[in-house]
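Coordinates as given in run17.pdb (PDB, N, CA and C atoms):
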ATOM      1  N   ASP T  26     -87.746 -96.577-114.821
ATOM      2  CA  ASP T  26     -87.830 -95.131-114.699
ATOM      3  C   ASP T  26     -86.570 -94.557-114.063
ATOM      4  N   PHE T  27     -86.058 -95.247-113.052
ATOM      5  CA  PHE T  27     -84.861 -94.771-112.349
ATOM      6  C   PHE T  27     -83.677 -94.640-113.306
ATOM      7  N   VAL T  28     -83.428 -95.663-114.096
ATOM      8  CA  VAL T  28     -82.321 -95.654-115.051
ATOM      9  C   VAL T  28     -82.596 -94.633-116.162
ATOM     10  N   ALA T  29     -83.826 -94.579-116.635
ATOM     11  CA  ALA T  29     -84.182 -93.620-117.683
ATOM     12  C   ALA T  29     -83.964 -92.180-117.224
ATOM     13  N   ASP T  30     -84.073 -91.949-115.928
ATOM     14  CA  ASP T  30     -83.852 -90.612-115.365
ATOM     15  C   ASP T  30     -82.391 -90.357-115.019
ATOM     16  N   GLY T  31     -81.490 -91.261-115.435
ATOM     17  CA  GLY T  31     -80.062 -91.050-115.226
ATOM     18  C   GLY T  31     -79.470 -91.814-114.055
ATOM     19  N   GLY T  32     -80.274 -92.612-113.379
ATOM     20  CA  GLY T  32     -79.777 -93.389-112.241
ATOM     21  C   GLY T  32     -78.961 -94.596-112.698
ATOM     22  N   THR T  33     -78.170 -95.119-111.797
ATOM     23  CA  THR T  33     -77.356 -96.300-112.068
ATOM     24  C   THR T  33     -77.689 -97.381-111.048
ATOM     25  N   VAL T  34     -77.826 -98.596-111.517
ATOM     26  CA  VAL T  34     -78.066 -99.740-110.642
ATOM     27  C   VAL T  34     -76.812-100.592-110.656
ATOM     28  N   LEU T  35     -76.276-100.888-109.490
ATOM     29  CA  LEU T  35     -75.100-101.746-109.363
ATOM     30  C   LEU T  35     -75.569-103.104-108.864
ATOM     31  N   LEU T  36     -75.273-104.130-109.644
ATOM     32  CA  LEU T  36     -75.643-105.500-109.294
ATOM     33  C   LEU T  36     -74.367-106.307-109.183
ATOM     34  N   VAL T  37     -74.173-106.977-108.078
ATOM     35  CA  VAL T  37     -73.037-107.872-107.923
ATOM     36  C   VAL T  37     -73.601-109.286-107.956
ATOM     37  N   ALA T  38     -73.170-110.067-108.945
ATOM     38  CA  ALA T  38     -73.721-111.405-109.114
ATOM     39  C   ALA T  38     -72.658-112.355-109.643
ATOM     40  N   HIS T  39     -72.794-113.611-109.287
ATOM     41  CA  HIS T  39     -71.901-114.644-109.804
ATOM     42  C   HIS T  39     -72.285-114.999-111.235
ATOM     43  N   GLU T  40     -73.569-115.012-111.501
ATOM     44  CA  GLU T  40     -74.096-115.267-112.838
ATOM     45  C   GLU T  40     -75.234-114.295-113.095
ATOM     46  N   LEU T  41     -75.432-113.902-114.340
ATOM     47  CA  LEU T  41     -76.461-112.927-114.669
ATOM     48  C   LEU T  41     -77.821-113.553-114.912
ATOM     49  N   GLY T  42     -77.828-114.775-115.419
ATOM     50  CA  GLY T  42     -79.078-115.486-115.643
ATOM     51  C   GLY T  42     -80.081-114.678-116.436
ATOM     52  N   PRO T  43     -81.338-114.637-115.989
ATOM     53  CA  PRO T  43     -82.390-113.959-116.740
ATOM     54  C   PRO T  43     -82.248-112.431-116.752
ATOM     55  N   LEU T  44     -81.366-111.868-115.929
ATOM     56  CA  LEU T  44     -81.163-110.419-115.928
ATOM     57  C   LEU T  44     -80.243-109.957-117.061
ATOM     58  N   ARG T  45     -79.541-110.882-117.679
ATOM     59  CA  ARG T  45     -78.561-110.545-118.710
ATOM     60  C   ARG T  45     -79.084-109.584-119.781
ATOM     61  N   PRO T  46     -80.319-109.750-120.288
ATOM     62  CA  PRO T  46     -80.798-108.855-121.347
ATOM     63  C   PRO T  46     -80.929-107.384-120.929
ATOM     64  N   VAL T  47     -81.074-107.104-119.649
ATOM     65  CA  VAL T  47     -81.259-105.713-119.217
ATOM     66  C   VAL T  47     -79.969-105.064-118.727
ATOM     67  N   ILE T  48     -78.858-105.792-118.792
ATOM     68  CA  ILE T  48     -77.585-105.257-118.322
ATOM     69  C   ILE T  48     -76.877-104.561-119.479
ATOM     70  N   SER T  49     -76.587-103.277-119.294
ATOM     71  CA  SER T  49     -75.966-102.498-120.366
ATOM     72  C   SER T  49     -74.438-102.494-120.274
ATOM     73  N   ARG T  50     -73.893-102.786-119.118
ATOM     74  CA  ARG T  50     -72.431-102.822-118.959
ATOM     75  C   ARG T  50     -72.092-103.838-117.879
ATOM     76  N   ALA T  51     -71.100-104.652-118.156
ATOM     77  CA  ALA T  51     -70.648-105.653-117.197
ATOM     78  C   ALA T  51     -69.152-105.486-116.960
ATOM     79  N   ILE T  52     -68.767-105.538-115.718
ATOM     80  CA  ILE T  52     -67.346-105.541-115.357
ATOM     81  C   ILE T  52     -67.096-106.879-114.688
ATOM     82  N   VAL T  53     -66.217-107.674-115.272
ATOM     83  CA  VAL T  53     -65.915-109.003-114.760
ATOM     84  C   VAL T  53     -64.560-108.949-114.062
ATOM     85  N   VAL T  54     -64.554-109.408-112.816
ATOM     86  CA  VAL T  54     -63.324-109.445-112.026
ATOM     87  C   VAL T  54     -62.885-110.895-111.906
ATOM     88  N   HIS T  55     -61.632-111.147-112.208
ATOM     89  CA  HIS T  55     -61.071-112.492-112.106
ATOM     90  C   HIS T  55     -59.719-112.393-111.423
ATOM     91  N   GLU T  56     -59.565-113.150-110.340
ATOM     92  CA  GLU T  56     -58.325-113.173-109.571
ATOM     93  C   GLU T  56     -57.870-111.766-109.189
ATOM     94  N   GLY T  57     -58.831-110.930-108.790
ATOM     95  CA  GLY T  57     -58.520-109.608-108.281
ATOM     96  C   GLY T  57     -58.316-108.528-109.321
ATOM     97  N   GLY T  58     -58.464-108.841-110.593
ATOM     98  CA  GLY T  58     -58.277-107.846-111.649
ATOM     99  C   GLY T  58     -59.452-107.816-112.601
ATOM    100  N   ILE T  59     -59.650-106.686-113.257
ATOM    101  CA  ILE T  59     -60.722-106.560-114.241
ATOM    102  C   ILE T  59     -60.283-107.253-115.525
ATOM    103  N   CYS T  60     -61.067-108.251-115.946
ATOM    104  CA  CYS T  60     -60.736-108.968-117.177
ATOM    105  C   CYS T  60     -61.735-108.677-118.297
ATOM    106  N   HIS T  61     -62.796-107.941-117.982
ATOM    107  CA  HIS T  61     -63.782-107.567-119.006
ATOM    108  C   HIS T  61     -64.507-106.322-118.532
ATOM    109  N   ASP T  62     -64.699-105.369-119.426
ATOM    110  CA  ASP T  62     -65.495-104.169-119.161
ATOM    111  C   ASP T  62     -66.213-103.821-120.456
ATOM    112  N   GLY T  63     -67.493-104.096-120.507
ATOM    113  CA  GLY T  63     -68.260-103.852-121.726
ATOM    114  C   GLY T  63     -69.607-104.527-121.654
ATOM    115  N   PRO T  64     -70.162-104.905-122.795
ATOM    116  CA  PRO T  64     -71.459-105.596-122.801
ATOM    117  C   PRO T  64     -71.375-106.906-122.019
ATOM    118  N   ALA T  65     -72.506-107.334-121.481
ATOM    119  CA  ALA T  65     -72.526-108.595-120.736
ATOM    120  C   ALA T  65     -72.017-109.724-121.627
ATOM    121  N   PRO T  66     -71.004-110.463-121.180
ATOM    122  CA  PRO T  66     -70.468-111.542-122.012
ATOM    123  C   PRO T  66     -71.452-112.703-122.127
ATOM    124  N   GLU T  67     -71.337-113.420-123.226
ATOM    125  CA  GLU T  67     -72.153-114.619-123.426
ATOM    126  C   GLU T  67     -71.730-115.683-122.415
ATOM    127  N   PRO T  68     -72.686-116.457-121.884
ATOM    128  CA  PRO T  68     -72.311-117.575-121.029
ATOM    129  C   PRO T  68     -71.404-118.539-121.790
ATOM    130  N   ALA T  69     -70.484-119.164-121.083
ATOM    131  CA  ALA T  69     -69.549-120.101-121.715
ATOM    132  C   ALA T  69     -69.444-121.368-120.878
ATOM    133  N   GLY T  70     -68.908-122.416-121.494
ATOM    134  CA  GLY T  70     -68.698-123.678-120.783
ATOM    135  C   GLY T  70     -70.003-124.246-120.271
ATOM    136  N   HIS T  71     -69.968-124.861-119.094
ATOM    137  CA  HIS T  71     -71.180-125.472-118.547
ATOM    138  C   HIS T  71     -72.236-124.430-118.190
ATOM    139  N   HIS T  72     -71.841-123.169-118.036
ATOM    140  CA  HIS T  72     -72.808-122.106-117.751
ATOM    141  C   HIS T  72     -73.736-121.864-118.938
ATOM    142  N   ALA T  73     -73.330-122.234-120.135
ATOM    143  CA  ALA T  73     -74.129-122.029-121.342
ATOM    144  C   ALA T  73     -75.107-123.172-121.612
ATOM    145  N   GLU T  74     -74.993-124.256-120.874
ATOM    146  CA  GLU T  74     -75.888-125.384-121.090
ATOM    147  C   GLU T  74     -77.310-125.006-120.680
ATOM    148  N   PRO T  75     -78.321-125.397-121.457
ATOM    149  CA  PRO T  75     -79.696-124.971-121.188
ATOM    150  C   PRO T  75     -80.215-125.371-119.815
ATOM    151  N   ASP T  76     -79.727-126.474-119.268
ATOM    152  CA  ASP T  76     -80.231-126.918-117.967
ATOM    153  C   ASP T  76     -79.314-126.516-116.802
ATOM    154  N   HIS T  77     -78.376-125.610-117.055
ATOM    155  CA  HIS T  77     -77.454-125.190-115.998
ATOM    156  C   HIS T  77     -78.216-124.468-114.893
ATOM    157  N   ASP T  78     -78.065-124.924-113.676
ATOM    158  CA  ASP T  78     -78.692-124.312-112.509
ATOM    159  C   ASP T  78     -77.597-124.047-111.492
ATOM    160  N   HIS T  79     -77.252-122.785-111.296
ATOM    161  CA  HIS T  79     -76.165-122.461-110.373
ATOM    162  C   HIS T  79     -76.718-122.180-108.981
ATOM    163  N   VAL T  80     -77.281-123.200-108.399
ATOM    164  CA  VAL T  80     -77.763-123.084-107.027
ATOM    165  C   VAL T  80     -77.124-124.226-106.256
ATOM    166  N   HIS T  81     -76.194-123.888-105.400
ATOM    167  CA  HIS T  81     -75.519-124.890-104.585
ATOM    168  C   HIS T  81     -75.066-124.241-103.286
ATOM    169  N   PRO T  82     -74.787-125.020-102.265
ATOM    170  CA  PRO T  82     -74.318-124.442-101.010
ATOM    171  C   PRO T  82     -72.965-123.759-101.201
ATOM    172  N   HIS T  83     -72.751-122.652-100.517
ATOM    173  CA  HIS T  83     -71.483-121.941-100.580
ATOM    174  C   HIS T  83     -70.646-122.163 -99.327
ATOM    175  N   CYS T  84     -71.189-122.888 -98.363
ATOM    176  CA  CYS T  84     -70.430-123.275 -97.175
ATOM    177  C   CYS T  84     -71.075-124.532 -96.606
ATOM    178  N   ASP T  85     -70.407-125.177 -95.677
ATOM    179  CA  ASP T  85     -70.892-126.449 -95.141
ATOM    180  C   ASP T  85     -72.252-126.336 -94.453
ATOM    181  N   ASP T  86     -72.540-125.181 -93.811
ATOM    182  CA  ASP T  86     -73.774-125.027 -93.044
ATOM    183  C   ASP T  86     -74.945-124.478 -93.852
ATOM    184  N   GLU T  87     -74.749-124.195 -95.130
ATOM    185  CA  GLU T  87     -75.798-123.610 -95.962
ATOM    186  C   GLU T  87     -76.462-124.697 -96.784
ATOM    187  N   PRO T  88     -77.773-124.897 -96.602
ATOM    188  CA  PRO T  88     -78.446-125.935 -97.389
ATOM    189  C   PRO T  88     -78.545-125.549 -98.865
ATOM    190  N   ALA T  89     -78.505-126.537 -99.732
ATOM    191  CA  ALA T  89     -78.679-126.302-101.164
ATOM    192  C   ALA T  89     -80.028-125.644-101.397
ATOM    193  N   ARG T  90     -80.092-124.756-102.392
ATOM    194  CA  ARG T  90     -81.295-124.042-102.788
ATOM    195  C   ARG T  90     -81.770-123.022-101.753
ATOM    196  N   LEU T  91     -80.932-122.646-100.799
ATOM    197  CA  LEU T  91     -81.307-121.649 -99.802
ATOM    198  C   LEU T  91     -81.718-120.341-100.454
ATOM    199  N   TRP T  92     -81.024-119.951-101.534
ATOM    200  CA  TRP T  92     -81.258-118.648-102.153
ATOM    201  C   TRP T  92     -82.116-118.744-103.411
ATOM    202  N   SER T  93     -82.610-119.918-103.762
ATOM    203  CA  SER T  93     -83.429-120.033-104.970
ATOM    204  C   SER T  93     -84.867-119.621-104.682
ATOM    205  N   ILE T  94     -85.553-119.278-105.753
ATOM    206  CA  ILE T  94     -86.957-118.839-105.610
ATOM    207  C   ILE T  94     -87.865-120.019-105.808
TER     208      ILE T  94
END
For the file at hand, write its structure as structure tokens.
Amino acid sequence: DFVADGGTVLLVAHELGPLRPVISRAIVVHEGGICHDGPAPEPAGHHAEPDHDHVHPHCDDEPARLWSI
């Protein structure tokens, strides 16, 4: 309803995962610059593999799967 009424939702994510189908515009930043502005790009490389799970620690003190559901 929020988007249908003209609202905008800003999502910052490393990977889109199951949200990809509802994203109408994606801006991809690489090395400090915009490298894509348009429809959500298709996953590529190991990110496109069916069993790809991007849940890992981002620092030494963060346990794996801390942010998974």
(request) List the neighbours of T:Gly63 out to 6.5 Å using only N, CA and C atoms; skip same-chain residues closer than 5 positions along the sequence, and give me the result as JSON, numbers by chain. (result) {"T": [49, 50, 51, 52, 53]}
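Selecting by distance to (-74.8, -107.6, -122.8) with a limit of 6 Å and using only N, CA and C atoms, one obtains Arg45, Ile48, Ser49, Pro64, Ala65 and Pro66 of chain T.
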(request) One decimal, Å: what's the distance from atom CA of T:Val37 over to atom C of T:Ala73, could you say? (result) 20.6 Å
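Atom pair atom CA of T:Gly42 / atom N of T:Pro68 has a distance of 9.0 Å (rounded to one decimal).
Going from atom N of T:Asp30 over to atom CA of T:Pro46, you cover 18.1 Å.
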